[in-house]
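Student: Structure in structure tokens, see below.
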Amino acid sequence: MIEIRHHYATVRGHRVFYREAGPADAPALVLLHGFPTSSRMFRRLIPELADRFRVIAPDHLGFGHSDTPPADTFRYTFDALTDITEELLAGLGVTSYAVYVQDYGAPIGWRLALRDPEAVTAVITQSGNAYEDGFVPEFWAPVWAYANAPGPETEPAVRTALDLDAIRWQYLHGVDRPELVDPDTWTADHRDVNRPGNDLIQLALVRDYATNRPLYPRLHAYFRKSRVPLLAVWGAEDLIFGPDGARAFARDLPDAEIHLVPGGGHFLLESHLESTVGRIRDFLTRTLPTVRP
């Protein structure tokens, strides 16, 4: 039986929740969740990997069990969330790690890599976008409109992302076996992002998402220079970050391993965990510098 430990750390005066499992001396794997969820999205993946790896999965500020300082006292940007993650890892003594990124976790993971390229030993991206190719226009048009001109004309379209139906859609669209997706996922996410004041937190992050695109040229240069091992395992039916976003990694990382999972959507681990875990374990075992037997 794998024990998952549930911890809090104080980072810059804020309480940050994280899940941890596996031996302290094993290679580290940091799991970075997306919107609208938390480290809860990795609850079934962690036990599958913690026999060989030290797995750490934090909740970003404003999500899950981490603090949610009001948007008028904390400036919610992806730079700020990266600062918190960077200091959390330093406090845990983690100086070298593989990173698993999904959705919002990707711009945090990319910033970590750009700040300290030598620290990142491998990358797993699951609908963790890094290219213009990945943006599905129908989904992202309201986001760009709001980021470019926040106001009463553009805000309602992005506020709908906090509705229960919209969150349920994130979990179920494109999924060939929706009966495998636990309804607790979207129910819990809807509850969390609709806590008092959290709407303003989420709107701030939506506005800031546009700052990720200008980082892409630097990120692509990092890929080309570092040749970091990368696995893109992606729901082929994802209508948020489309499969072209997965294929695009091969432009800068010719050795990237790209797997599009038929019948998988944005939250691939909910419906296709078994087929995905094997690829992840195999990739990490082959690419990390030292792996426990």
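Going by the structure tokens order, chains are called A, B, ..., each with residues numbered from 1, while ligands are numbered from 1 in the order shown.
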At most 6 Å is the cut-off: for each residue in range 115-171 of chain A with any atom that close to an atom of range 237-247 of chain A, write down the nearest atom pair and the distance in Å rounded to one decimal, counting only C-alpha atoms, chain first then increasing number, as a Markdown table.
Tutor:
| residue | atom | partner | partner_atom | distance |
| --- | --- | --- | --- | --- |
| A:Ser127 | CA | A:Phe241 | CA | 5.9 |
| A:Tyr131 | CA | A:Gly245 | CA | 5.9 |
| A:Asp133 | CA | A:Gly245 | CA | 5.0 |
| A:Gly134 | CA | A:Gly245 | CA | 3.5 |
| A:Phe135 | CA | A:Phe241 | CA | 5.2 |
| A:Val136 | CA | A:Ile240 | CA | 5.6 |
Student: Which residues are close to range 2-18 of chain A, i.e. within 12 Å by only C-alpha atoms, leaving aside same-chain residues fewer than 2 positions away? Reply as number ranges by chain.
Tutor: A: 20-23, 30-33, 38-40, 42-70, 73-74, 80-92
Student: Selection from above, C-alpha atoms, as a CSV table (one decimal), in the first residue's frame, can you write it?
Tutor:
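Output file again13.csv follows:
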chain,number,residue,atom,x,y,z
A,20,GLU,CA,3.4,13.8,-1.1
A,21,ALA,CA,4.2,10.1,-1.5
A,22,GLY,CA,7.2,7.9,-2.1
A,23,PRO,CA,10.7,7.6,-0.7
A,30,VAL,CA,6.3,17.5,-9.3
A,31,LEU,CA,2.7,17.4,-10.4
A,32,LEU,CA,1.2,20.8,-11.4
A,33,HIS,CA,-2.6,20.9,-11.8
A,38,SER,CA,-6.4,21.0,-7.6
A,39,SER,CA,-3.9,18.3,-6.7
A,40,ARG,CA,-7.0,16.2,-6.3
A,42,PHE,CA,-3.7,13.3,-9.3
A,43,ARG,CA,-5.3,11.3,-6.5
A,44,ARG,CA,-5.2,8.1,-8.5
A,45,LEU,CA,-2.0,8.7,-10.4
A,46,ILE,CA,0.2,9.3,-7.3
A,47,PRO,CA,-0.1,5.7,-5.9
A,48,GLU,CA,0.9,4.4,-9.4
A,49,LEU,CA,4.2,6.3,-9.3
A,50,ALA,CA,5.2,6.6,-5.7
A,51,ASP,CA,6.8,3.2,-5.5
A,52,ARG,CA,9.7,4.6,-7.6
A,53,PHE,CA,9.5,8.3,-7.3
A,54,ARG,CA,9.1,11.0,-4.7
A,55,VAL,CA,5.9,12.6,-5.9
A,56,ILE,CA,4.9,16.1,-4.8
A,57,ALA,CA,1.6,17.7,-5.9
A,58,PRO,CA,0.8,21.2,-4.6
A,59,ASP,CA,-2.5,23.1,-4.7
A,60,HIS,CA,-1.9,26.5,-6.3
A,61,LEU,CA,-3.0,29.5,-4.2
A,62,GLY,CA,-6.7,30.1,-4.9
A,63,PHE,CA,-7.3,26.4,-5.5
A,64,GLY,CA,-8.1,23.3,-3.4
A,65,HIS,CA,-6.9,23.4,0.2
A,66,SER,CA,-4.3,26.1,-0.2
A,67,ASP,CA,-4.9,29.6,1.0
A,68,THR,CA,-7.1,31.9,-1.1
A,69,PRO,CA,-6.0,35.4,-0.3
A,70,PRO,CA,-8.4,38.0,-1.7
A,73,THR,CA,-4.4,41.7,-1.4
A,74,PHE,CA,-2.6,39.2,-3.6
A,80,ALA,CA,3.3,34.9,-8.7
A,81,LEU,CA,2.1,31.3,-8.6
A,82,THR,CA,5.5,30.2,-9.9
A,83,ASP,CA,7.2,32.2,-7.1
A,84,ILE,CA,5.1,30.2,-4.6
A,85,THR,CA,5.9,26.8,-6.2
A,86,GLU,CA,9.6,27.6,-6.5
A,87,GLU,CA,9.8,28.5,-2.8
A,88,LEU,CA,7.8,25.5,-1.8
A,89,LEU,CA,10.2,23.2,-3.6
A,90,ALA,CA,13.2,24.9,-2.2
A,91,GLY,CA,11.8,24.5,1.3
A,92,LEU,CA,11.3,20.8,0.7
Student: For the contact check between range 189-283 of chain A and range 157-173 of chain A, emit one row per residue of range 189-283 of chain A within 7 Å, containing the shortest atom pair and the distance in Å rounded to one decimal, counting only C-alpha atoms, chain then rising number order, as CSV.
Tutor:
residue,atom,partner,partner_atom,distance
A:His190,CA,A:Leu164,CA,5.7
A:Val193,CA,A:Leu162,CA,6.7
A:Gly265,CA,A:His173,CA,6.1
A:His266,CA,A:Gln170,CA,6.4
A:Phe267,CA,A:Tyr171,CA,5.7
Student: Which residue out of A:Ala98, A:Ala256, A:Ala147, A:Leu180 has the minimum interatomic distance to Leu268 in chain A when only C-alpha atoms are used?
Tutor: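 Once distances to Leu268 in chain A are computed over only C-alpha atoms, the minimum belongs to A:Leu180.
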Student: So, with only C-alpha atoms as the atoms that count, which of A:Thr121, A:Asn198, A:Gln102, A:Thr95 lies closest to Leu230 in chain A?
Tutor: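 Of the candidates, the smallest distance to Leu230 in chain A is held by A:Thr121.
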Student: Excluding Asp189 in chain A and residues on its chain fewer than 3 positions from it, collect all residues at most 6 Å away from it, counting only C-alpha atoms, and give them as a compact mmCIF listing (two decimals) with C-alpha atoms, in the first residue's frame.
Tutor:
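Written output follows (out02.txt):
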# COMPACT_ATOMS: atom_id res chain seq x y z
CA PRO A 36 -10.57 24.46 -12.22
CA THR A 37 -9.25 21.65 -10.06
CA TRP A 186 -16.81 18.61 -11.19
CA ASP A 192 -14.14 25.45 -4.64
Student: Which one of A:Gly109, A:Pro152, A:Pro142, A:Pro262 sits closest to Leu29 in chain A if you count only C-alpha atoms?
Tutor: A:Gly109
Student: Please, what distance in Å, to one decimal, runs between CA of Tyr100 in chain A and CA of Gln126 in chain A?
Tutor: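 Computing the Euclidean distance for CA of Tyr100 in chain A and CA of Gln126 in chain A yields 7.5 Å.
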Student: Do a neighbour search on Asp208 in chain A at 9 Å with only C-alpha atoms, toss out local chain neighbours closer than 5 positions, and write the hits as number ranges by chain.
Tutor: A: 76-78, 147, 203
Student: Taking C-alpha atoms for each residue, export the selection above as a tab-separated table (two decimals), in the first residue's frame.
Tutor:
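Final output, out_10.tsv:
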chain	number	residue	atom	x	y	z
A	76	TYR	CA	-2.81	36.55	-8.97
A	77	THR	CA	-0.48	36.06	-11.92
A	78	PHE	CA	1.32	33.04	-13.25
A	147	ALA	CA	-7.63	39.79	-21.54
A	203	LEU	CA	-10.93	36.33	-13.42
Student: Which is closer to Asn129 in chain A than all the others in A:Asn212, A:Ser275, A:Thr287, A:Ser96, using only C-alpha atoms?
Tutor: A:Asn212
Student: How would you write, as a list in words, the set of residues in range 144-277 of chain A that DSSP gives as strand (DSSP E or B)?
Tutor: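 The strand (DSSP E or B) subset of range 144-277 of chain A is Leu230, Leu231, Ala232, Val233, Trp234, Gly235, Phe241, Glu257, Ile258, His259, Leu260 and Val261 of chain A.
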Student: Please dump the current selection as a compact mmCIF listing (two decimals), in the first residue's frame; keep N, CA and C atoms.
Tutor:
# COMPACT_ATOMS: atom_id res chain seq x y z
N LEU A 230 10.86 14.74 -23.09
CA LEU A 230 9.48 15.20 -22.96
C LEU A 230 8.52 14.15 -23.49
N LEU A 231 7.50 13.88 -22.69
CA LEU A 231 6.39 13.03 -23.07
C LEU A 231 5.13 13.88 -23.13
N ALA A 232 4.49 13.92 -24.29
CA ALA A 232 3.19 14.57 -24.42
C ALA A 232 2.15 13.47 -24.53
N VAL A 233 1.35 13.32 -23.49
CA VAL A 233 0.28 12.32 -23.49
C VAL A 233 -1.02 13.11 -23.35
N TRP A 234 -1.87 13.03 -24.35
CA TRP A 234 -2.88 14.07 -24.58
C TRP A 234 -4.18 13.42 -25.03
N GLY A 235 -5.28 13.88 -24.50
CA GLY A 235 -6.56 13.41 -24.99
C GLY A 235 -6.79 13.87 -26.42
N PHE A 241 -7.30 22.44 -25.40
CA PHE A 241 -5.98 22.40 -26.04
C PHE A 241 -6.00 21.22 -27.01
N GLU A 257 8.27 12.30 -27.19
CA GLU A 257 7.37 11.16 -27.34
C GLU A 257 5.94 11.69 -27.24
N ILE A 258 5.20 11.53 -28.31
CA ILE A 258 3.87 12.13 -28.40
C ILE A 258 2.83 11.04 -28.59
N HIS A 259 1.89 11.01 -27.67
CA HIS A 259 0.84 9.99 -27.69
C HIS A 259 -0.52 10.67 -27.55
N LEU A 260 -1.34 10.54 -28.58
CA LEU A 260 -2.70 11.04 -28.55
C LEU A 260 -3.63 9.88 -28.22
N VAL A 261 -4.40 10.05 -27.17
CA VAL A 261 -5.22 8.96 -26.65
C VAL A 261 -6.64 9.08 -27.20
Student: If you measure from CA of Phe283 in chain A to CA of Val123 in chain A, what distance in Å do you get, rounded to one decimal?
Tutor: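 Atom-to-atom, CA of Phe283 in chain A and CA of Val123 in chain A are spaced 9.7 Å apart.
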Student: Can you pull out the residues contacting Asp182 in chain A? Cut-off 8 Å, using only C-alpha atoms, and skip same-chain residues under 3 positions away; I want them as a ChimeraX atom specification.
Tutor: /A:179,185,270
Student: Measure the distance from CA of Glu138 in chain A to CA of Leu205 in chain A in Å and round it to one decimal.
Tutor: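 That distance, rounded to one decimal, is 19.3 Å.
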Student: Give me, as a list in words, all polymer residues having an atom no more than 8 Å from range 112-116 of chain A, counting only C-alpha atoms and skipping those fewer than 2 positions away in the same chain.
Tutor: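 With the cut-off at 8 Å, the set is Thr82, Glu86, Ile108, Gly109, Trp110, Glu118, Ala119, Val120, Arg218, Leu219 and Tyr222 of chain A.
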Student: Measuring between only C-alpha atoms, which one of A:Val94, A:Ala204, A:Phe223, A:Pro137 shows the shortest distance to Ala24 in chain A?
Tutor: A:Val94
